[in-house]
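Chemist: Quick one: structure below, then a few questions.
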There are 4 protein chains.
Amino acid sequence: MLKGDPGKILSYGMVGGGPGSFIGEVHRRAIGLLGGARLEAGAFSRDRDKSLALGTELGLEPSRIYPDPLTMARTEAALPGGIDFAVIAAPNDVHYPAARAFLEAGIAVVCDKPLALSVEEGEDLAALARDRQLLFCTTYTYSGYPAVKEARRLVASGRLGTLRFVQVEYLQEWLSRPLETEAGADKVWRLDPARTGAASSLGDIGTHAEHLVSYVTGKAITRVAARIEALVPGRGLDDTASILAELEGGVSALIWTSQAVPGASNGLALRLVGSEASLAWRQEDPEVLVLSPFGQGEQRLRRGRDFGPGDLPFHRLPAGHPGGFYEAFAGLYGPFLRALAERKAGHGAGPGGPGDRAGSKPDFPDAEAGLAGLRFMAACGESSRHEAAWTKV
Amino acid sequence: MLKGDPGKILSYGMVGGGPGSFIGEVHRRAIGLLGGARLEAGAFSRDRDKSLALGTELGLEPSRIYPDPLTMARTEAALPGGIDFAVIAAPNDVHYPAARAFLEAGIAVVCDKPLALSVEEGEDLAALARDRQLLFCTTYTYSGYPAVKEARRLVASGRLGTLRFVQVEYLQEWLSRPLETEAGADKVWRLDPARTGAASSLGDIGTHAEHLVSYVTGKAITRVAARIEALVPGRGLDDTASILAELEGGVSALIWTSQAVPGASNGLALRLVGSEASLAWRQEDPEVLVLSPFGQGEQRLRRGRDFGPGDLPFHRLPAGHPGGFYEAFAGLYGPFLRALAERKAGHGAGPGGPGDRAGSKPDFPDAEAGLAGLRFMAACGESSRHEAAWTKV
Amino acid sequence: MLKGDPGKILSYGMVGGGPGSFIGEVHRRAIGLLGGARLEAGAFSRDRDKSLALGTELGLEPSRIYPDPLTMARTEAALPGGIDFAVIAAPNDVHYPAARAFLEAGIAVVCDKPLALSVEEGEDLAALARDRQLLFCTTYTYSGYPAVKEARRLVASGRLGTLRFVQVEYLQEWLSRPLETEAGADKVWRLDPARTGAASSLGDIGTHAEHLVSYVTGKAITRVAARIEALVPGRGLDDTASILAELEGGVSALIWTSQAVPGASNGLALRLVGSEASLAWRQEDPEVLVLSPFGQGEQRLRRGRDFGPGDLPFHRLPAGHPGGFYEAFAGLYGPFLRALAERKAGHGAGPGGPGDRAGSKPDFPDAEAGLAGLRFMAACGESSRHEAAWTKV
Amino acid sequence: MLKGDPGKILSYGMVGGGPGSFIGEVHRRAIGLLGGARLEAGAFSRDRDKSLALGTELGLEPSRIYPDPLTMARTEAALPGGIDFAVIAAPNDVHYPAARAFLEAGIAVVCDKPLALSVEEGEDLAALARDRQLLFCTTYTYSGYPAVKEARRLVASGRLGTLRFVQVEYLQEWLSRPLETEAGADKVWRLDPARTGAASSLGDIGTHAEHLVSYVTGKAITRVAARIEALVPGRGLDDTASILAELEGGVSALIWTSQAVPGASNGLALRLVGSEASLAWRQEDPEVLVLSPFGQGEQRLRRGRDFGPGDLPFHRLPAGHPGGFYEAFAGLYGPFLRALAERKAGHGAGPGGPGDRAGSKPDFPDAEAGLAGLRFMAACGESSRHEAAWTKV
C-alpha cells in the first residue's frame with residue numbers, strides 16, 4: 001500500500017472495462033489489491049447505458065461517467081482534482097486515439113498492449129509521452145511477476161554466464177475452434193481486423209513473448225524470420241507464429257506462439273541458455289524459477305524463500321502462499337503509482353528529471369516498450385509475407 | 001466487487017495487523033482485491049505509537065485509532081456509522097477477549113484461527129454469536145479456494161463413490177531451527193505458550209488440516225489417536241503431529257503436520273479415496289484438482305476451464321491466470337460481506353432467518369467451525385498424553 | 001555383465017514364475033539384462049503340463065523340469081554342474097518349504113517377500129542360511145534402485161543432519177474393487193489367506209515400505225501403533241494400513257499403505273526429514289532424488305549426473321536415459337551374483353569370511369531382512385487387534 | 001522372450017561397442033533383456049587387443065573375434081551356423097562400409113544412426129537391402145517406447161482430429177563446454193568431422209527428432225528453413241538447430257535441438273496439436289502420454305493401465321513399474337528378431353513376401369527411415385548455408 005495521507009491517494013479514470021470485460025476488472029482489482037488509487041471517472045463502454053450502470057455500481061458520480069475518452073480527457077484535465085491517470089482497457093483500435101487524447105490533456109496513461117494498430121501510431125504516442133514528460137505504462141503483465149524480475153536480475157548478474165540462446169513459447173486454446181463462423185462472432189472484437197489490427201494473435205500474445213524476452217535479457221530483438229499462419233482452415237487472421245529471431249549481440253532465439261492448441265490455458269514459458277547455467281520460468285507456476293547450472297543439481301528457486309519480492313510489498317507473502325495474475329498486474333502498477341505519487345508530491349518533472357531516484361528508471365514497461373512490440377509485429381508480418389526471409393525489426 | 005451504491009460500502013475495524021504483521025496485511029489486501037468494505041478503525045498494536053503511525057498511513061482518522069479492542073468495540077458501537085465488522089488478526093491470546101467484546105457490542109466478527117485458547121472460550125464465543133444472531137467468520141483460509149469448494153462439490157455429488165479414506169498433510173520449515181534459543185525469540189509470539197496456547201503448531205496448521213478435511217468431506221472428525229511431538233530437541237512446544245483419525249460414518253483418516261521439515265514452504269495437501277475415484281489437491285498448486293477414476297486416465301482439472309469459480313467474482317480469471325492466497329482469503333470475505341450487506345439492507349435478522357437464501361447457510365467458516373478446531377486440538381493433546389490412545393473429539 | 005569365461009557363467013533354477021506370472025518373468029529378464037547367469041532348471045507351476053511347456057519354451061532340458069521344488073533341490077544338488085542358486089517366485093505359502101529345501105541341499109536362494117507365512121518360519125530360514133553359510137537374497141526390489149542407494153549414502157554421510165522423521169507411503173489401486181466376489185477370484189492367490197498369509201496387503205506392499213525405511217535410514221523399526229483395515233466392505237483380508245512407528249534411536253515415522261486407492265499405480269514414496277535437509281524419492285520417477293536443504297534452493301538430483309550408479313554397471317546409462325523396474329531388480333542380482341561368483345571361484349566360504357571384501361557385507365537384502373519384515377507384520381497385526389496400542393516389533 | 005527351442009535362438013555379431021562404449025553395451029543388454037539372440041562374433045575395436053579382451057570376457061570363441069567388419073562379414077557368411085545378423089554400434093564413418101559388407105554377405109543388419117555420412121551412401125544401403133531382401137534396422141531408439149507407439153496409434157485413429165502442428169525439441173548439456181580444446185578431445189570421435197560427418201549434433205540428436213516426428217505422425221518432412229549453429233564460440237561443428245519445417249499435407253512443424261543447454265539430460269519431447277486434442281510426450285518420463293482434448297480435463301495416460309504394451313512382452317510390467325531406455329531399445333529388437341526368426345523358419349523371403357503377416361510391415365525403422373534422416377540433415381545444412389531459405393528435403 002502506498003504511504004501517504006488520504007489526500008495523497010491518487011485518482012484514475014478508465015476507458016473500456018465495461019460489463020463482461022475481463023481485463024478492465026483485472027486493472028481495477030490489481031489497483032484495489034495494491035491500494036493507493038481510486039477509480040473516479042470512466043468511459044466504460046460505447047453503450048452509454050452500460051457505461052452508466054457500471055459506473056454507478058462502482059460508486060462513481062454520474063457527472064464523471066463520460067460518453068467517450070476524448071470528453072473524459074478534456075473534462076478531467078479542466079477539473080480541479082481531476083484524475084491523475086487514465087487506464088485504457090479497451091479494444092486495440094481505441095488505444096491510440098484514447099491515449100493520444102489523455103497525453104495531450106497532460107494526463108498520465110496506462111494502456112493495454114498492443115499499444116496501437118501501427119508502428120506510426122506507436123511512434124507518435126512514444127514521442128508525445130517523451131515530449132510532454134508524462135508517465136506512460138504499457139501493460140505487459142508478465143514482467144510484473146517477482147520471478148521474472150529475479151530472472152532479469154540473474155541474467156544481468158552473470159549467473160548464467162554468457163547468454164547464448166533464448167526460447168519462448170506462449171500457447172492458448174481458445175482459437176482452436178472456428179469461432180468466426182459461430183453465432184455471436186461479430187461481437188468478439190479480437191476476431192474483427194478493424195478492431196484488433198492486422199495481426200490478431202501476434203498482437204495479443206506474440207507481443208507478450210517479445211517483451212518477456214527483451215525485459216529478461218535486456219536485449220532487443222533485432223531481426224526475425226517468421227512464419228505467421230492460421231491453423232484453423234478458413235481463418236482470415238493469424239492464430240500461430242513460429243519465429244527464428246536474433247537479439248542484440250547476436251544471441252539466437254526461437255519463438256512459438258499459438259492460440260489454437262487444445263488444452264493449453266495460458267502457457268507462456270521462457271527458457272534461457274547461458275554458458276554456465278540455464279534458467280526456466282512458466283507463467284502457470286509463476287513463483288518458481290528453475291536454475292540448472294552445468295554440472296550441479298537443478299535448483300527450484302521459490303519467491304519468498306530463495307529470492308525476494310523486491311520492491312513489491314504485496315508480494316511479501318511467504319513462500320508457498322501463491323501469488324498470481326493480480327499480483328503480476330499490481331507489479332506494474334506498484335512502480336507506476338509510486339513514480340506518479342512522487343511527481344505529484346513535486347519530486348520531479350519527468351523521467352530522468354531531478355525527482356527520480358538517481359540514475360534509475362522506474363521499473364514498468366513504458367511507451368517505448370509498447371512501440372518495440374509494434375515494430376516486432378510489423379517485421380514478423382513482413383518476413384512471413386516473404387517466405388520467412390530474415391527481416392530487420 | 002459488491003454491487004450497491006457507495007453508501008452501501010461496508011466499514012470495518014482491525015485488531016492487530018500492526019507494522020510487520022503478515023496476516024493483518026493479508027486481510028486488508030484481500031478486502032481491497034474484493035472491494036466492498038473500507039478500513040475505518042483500528043487497534044493495530046499494543047504499542048500506541050505504532051498503532052497511530054500505521055492507522056494514519058492507512059488513512060484513518062486519529063479519533064478512530066484505539067488503544068485496545070475493548071475501547072474500539074464500545075466506542076464504535078455507539079458511533080453513528082460505526083464499523084460493520086471487526087477483523088481480529090492478533091496473537092491467539094487476544095482472540096477470545098477481543099471477539100467477545102465485539103459480539104457483546106453487537107458487531108460482527110472475522111477472527112483468525114485457532115479461535116481461542118480453550119474449548120470453553122470457544123464454546124462461549126459460539127454461543128454468543130448464536131444468541132446475538134451475529135455473523136462470525138473464522139478464517140480457515142484454504143476453504144476459500146475455488147478448487148477446494150469444487151472438491152467439496154465433487155464429494156457431495158457422489159463423483160468419488162463412497163468416501164473411504166482421507167489423507168491430509170501440512171508441512172512447513174520455519175521451526176526446523178531452534179528459534180527459541182536465538183536472539184529475539186521473545187518477540188516471536190508463536191513461541192510463547194502464554195500467547196499461542198498450549199499447542200502451537202497444532203493450533204497454527206493442525207486446525208487448518210482439520211477444517212479442510214471436515215469442509216471438503218462434510219464429515220466431522222469423531223476420534224483421534226495422536227502423537228504430538230517436538231522434532232527439535234529441547235523445544236517446549238510442539239512442532240509435529242501424526243494422527244490416526246476417524247470421521248463421521250467411520251471413514252478412516254490420516255493426518256501429518258509439521259513445521260520442522262526443511263524445504264517445505266506451505267505444503268498443505270489433501271487426498272480423498274473413494275470407491276470410484278480418488279481426488280487430490282495441493283495448496284501450492286491451488287487451481288488444480290487431480291481426479292483419478294478407477295480404470296480411466298487421471299484427469300487434471302483446472303479452475304476457469306474444468307470447473308467454475310462458483311459465486312466468487314474475483315476468481316473469474318480464465319484458466320492459466322493463476323489465483324492464489326489473496327483470492328483464497330477473499331473467498332471467505334466474499335460470502336461474509338455479501339451476507340453482512342444483505343442483513344444491513346434489512347433482508348434478514350440472522351443465519352437461517354427469513355432474509356437468508358432459502359435453506360442455504362452462507363459459505364464461510366463460522367464460530368462453530370472455529371470451535372470444532374479447538375475440540376480437535378484438545379482431543380489430540382489428550383490422546384498424545386496417553387500414548388496415542390483413541391480419544392473422542 | 002559379469003566378467004569371466006563362459007565356464008564361469010552361473011546357473012539357476014526357478015520355482016514358480018509359470019505362464020502368466022508377473023514376477024517370475026521379471027526375475028528372468030533382470031538376470032538377462034545383467035548377464036552372468038543362465039536358467040537351467042525349473043518347477044514353474046503345480047500344473048505339470050504348464051511347467052513342461054514353459055520350460056521347453058525357455059530352452060531347458062526336459063530332465064531338469066521338475067514336478068516340485070523338493071525334487072529339484074535334491075536332484076540338482078546331486079547333479080554335477082547343478083544349479084548355483086534357486087529363485088523362488090511362487091505364492092507366499094511356497095516360500096518357506098521351497099527355501100528350506102534348497103538351503104538344506106546346500107543351494108543359495110533368492111526368494112520373494114514376504115519371506116514366509118510366520119515369524120517362526122522366517123527365523124528358521126535365517127538360522128539355516130547362517131548355519132550353512134549360504135547366500136540368501138530376499139527380493140525387496142526397491143533397494144536395488146541407484147537413487148535409493150544414494151539416499152542411504154546421503155543419510156549415512158550426515159548430509160541431512162540428524163534424522164528426525166520418516167514418512168513413507170505405498171499406494172496401488174488394484175484392490176479398489178471387491179475382486180473376491182468376481183468370477184475367477186479363486187484363482188487369485190493373493191486373495192486366498194491360505195496362500196497369501198494372514199496379512200495380504202501388508203505382506204505385499206507393507207513389507208516393501210518397512211524395508212525401504214530400514215535400508216535407507218540404517219535403523220530398524222522398534223515399535224508400531226497400527227490400524228490395519230479393509231476399505232472395501234466385506235473384505236476378509238486387509239487392503240490398507242496406517243501406522244505410527246518408531247525407529248531405533250527414537251526417530252518417529254509414519255507409514256501409509258493401501259491397495260484400494262483408485263488411480264494409484266505403484267506409488268511408493270519416501271520422505272526423510274533431517275535437521276539440515278529433507279530428502280524425497282518417488283518410485284514412479286525413480287532416477288531422481290529431491291534434496292531440500294534448509295535455507296537453500298531445492299535440488300533435483302539425477303542418476304548419471306548428480307550421483308553415480310555405484311557398483312551397478314547396467315546403470316551406467318547417462319542421465320535422462322531412464323532406468324526402471326528391471327534395473328532395480330538387477331540391482332539386487334548384481335551384488336548377489338558377484339558374491340556368489342566369488343565364492344564359487346574359491347574366494348570365501350561365507351559372508352564375512354576371508355573371501356569377502358574386507359569388512360563389507362554384500363549389498364542385497366538377506367534372510368534377516370526378510371525376517372524383519374515378518375516381525376513388522378506380526379507387530380502391526382497385534383497392535384491393530386488392540387486398538388492400535390503401541391507394540392514392540 | 002522369443003518362443004522356440006534352443007536351436008532357434010538367433011546369433012549375432014557386433015561391430016564396435018568396445019570397452020567404454022555406451023551404445024554397444026546398450027545393444028547387448030537390450031537383447032539380453034529380450035532373450036532370443038546370443039552374441040557369437042565381434043569386431044569390437046580397432047585396437048585388436050581391446051577387441052580380444054572384451055570378446056573373451058563376453059564368452060566368445062577367439063576365432064570369432066575379428067580384426068575388422070569386412071573379415072567378420074565374409075568369414076561368418078561362409079561359416080555353418082554363422083551369425084544371423086550384425087549389429088553396427090561404431091562411429092558414424094564405420095556405418096556405411098560395415099553395413100555394406102554385411103548386406104553383400106547376405107547378413108541382416110542393425111545399424112545406429114545417422115545411417116551413413118552422405119545421402120548417396122544411404123541410398124546405396126537402402127537399395128542393397130531392398131535388392132537382397134535383407135532385414136535392416138536403423139536404431140532410432142525412441143520409436144521403441146510403447147508410449148510413442150500409442151501416440152502413433154492415437155494420431156492414426158483420429159483421436160486428435162486433423163493434425164495441425166508439431167513441435168519437437170531435443171536438449172542435452174554435454175556440449176555446453178568447449179570440449180574440443182580440452183585434453184583428450186582427439187579421442188572423442190563425435191568432435192571429429194572425419195568420423196562424425198559434417199553435421200555432428202544434427203546427426204546425433206536431430207535425426208532422432210526427425211524420425212520421431214515422421215514415425216508418430218506418419219508424415220515425412222518435406223521442406224525446412226533451418227538455422228544450424230554452434231553456441232560455443234570457436235566450435236567448428238554444430239551444436240544447435242532451430243528449424244521451421246513442413247510435413248506432408250502441409251502440416252507445420254517446429255524443431256529445436258541443442259547439445260549445449262546446461263542442465264538438460266536427454267530432453268527429447270514431442271507435442272502434437274490437432275483440431276480436437278493435443279498430445280504430449282517427454283522421453284524423460286517415457287511411460288506417460290498427456291492427452292488434452294478441447295474442453296475436457298487434461299488426461300495423463302499411463303502404459304500398463306491406460307494403454308497397453310502392444311506386441312512387446314517385456315513391457316508387460318503393470319503401470320507404475322517404470323520401463324526405460326533398455327526397453328525402448330528392446331522395442332526395436334523385438335519386432336526385428338521376430339521377423340528374422342520367422343524368415344529363418346522359412347516363413348518368408350523378404351518384407352512383403354508370403355511369410356510376412358498379411359499386409360503388415362514389421363514395426364521397426366528400416367534403411368529407408370535411416371535414409372530419410374540423411375536427407376533431412378542434408379536439406380537443413382543446405383538451408384542454413386542460405387540464410388535459412390526454405391529447402392526441399
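Identifiers in this document derive from the order of the C-alpha cells: chains are assigned A, B, ..., residues are numbered from 1 separately in each chain, and ligands are numbered from 1 in order of occurrence.
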As a list in words, please: every residue in stretch 36-207 of chain B that DSSP puts in strand (DSSP E).
Modeler: Ala37, Arg38, Leu39, Glu40, Ala41, Gly42, Ala43, Phe85, Ala86, Val87, Ile88, Ala89, Ala108, Val109, Val110, Cys111, Phe136, Cys137, Thr138, Leu163, Arg164, Phe165, Val166, Gln167, Val168, Glu169, Tyr170 and Leu171 of chain B
Chemist: Apply DSSP to the backbone of this structure and, from stretch 265-351 of chain B, keep only the residues in alpha helix (DSSP H); write these as a PyMOL selection string.
Modeler: chain B and resi 325-344
Chemist: Counting only C-alpha atoms, what are the residues of chain B within 7 Å of chain A, and for each of them which pair of atoms is the nearest and at what distance in Å, to one decimal? Sort the table by chain and rising number, as a tab-separated table.
Modeler:
```
residue	atom	partner	partner_atom	distance
B:Lys3	CA	A:Glu57	CA	5.8
B:Gly4	CA	A:Glu57	CA	5.7
B:Asp5	CA	A:Gly59	CA	5.6
B:Pro6	CA	A:Gly59	CA	4.9
B:Arg29	CA	A:Leu33	CA	5.0
B:Ala30	CA	A:Leu33	CA	6.8
B:Gly32	CA	A:Gly32	CA	4.7
B:Leu33	CA	A:Leu33	CA	4.4
B:Gly35	CA	A:Gly32	CA	6.9
B:Thr56	CA	A:Asp5	CA	6.8
B:Glu57	CA	A:Gly4	CA	5.7
B:Gly59	CA	A:Pro6	CA	5.0
B:Ser265	CA	A:Gly320	CA	4.8
B:Asn266	CA	A:Gly320	CA	4.5
B:Glu284	CA	A:Gly320	CA	5.6
B:Ala319	CA	A:Ser265	CA	5.5
B:Gly320	CA	A:Asn266	CA	4.6
B:His321	CA	A:Phe325	CA	5.5
B:Pro322	CA	A:Gly324	CA	4.6
B:Gly323	CA	A:Gly324	CA	5.0
B:Gly324	CA	A:Pro322	CA	4.6
B:Phe325	CA	A:Pro322	CA	5.3
```
Chemist: Which residues are near C:Arg195? Cut-off 6 Å, only C-alpha atoms, ignore same chain within fewer than 2 positions. Put them as a PyMOL selection string.
Modeler: chain C and resi 92-93+189+192-193+197
Chemist: I'd like the neighbourhood of D:Gly297 as a PyMOL selection string, where a residue qualifies if any of its atoms comes within 9 Å (using only C-alpha atoms), though same-chain residues fewer than 2 positions away should be ignored.
Modeler: (chain A and resi 263) or (chain B and resi 299-302+305-306) or (chain D and resi 291-295+299)
Chemist: Neighbouring residues of stretch 70-73 of chain A were defined as those with any atom within 10 Å, considering only C-alpha atoms; residues of the same chain fewer than 3 positions away were excluded. Please report them as a list in words.
Modeler: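 Everything that qualifies: Gly13, Met14, Val15, Ala41, Gly42, Ala43, Arg64, Ile65, Tyr66, Pro67, Glu76, Ala77, Ala78, Gly82, Ile83, Phe85, Ala86, Pro97, Ala98, Ala99, Arg100, Ala101, Phe102, Leu103, Glu104, Ala105, Gly106 and Ile107 of chain A.
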Chemist: I want to know what sits within 7 Å of B:Lys219, based on only C-alpha atoms, with residues of the same chain fewer than 4 positions away left out; could you give that as number ranges by chain?
Modeler: B: 214, 247-248
Chemist: So how many Å separate atom CA of A:Gly236 and atom CA of D:Arg223, to one decimal?
Modeler: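 Atom-to-atom, atom CA of A:Gly236 to atom CA of D:Arg223, that is 24.5 Å.
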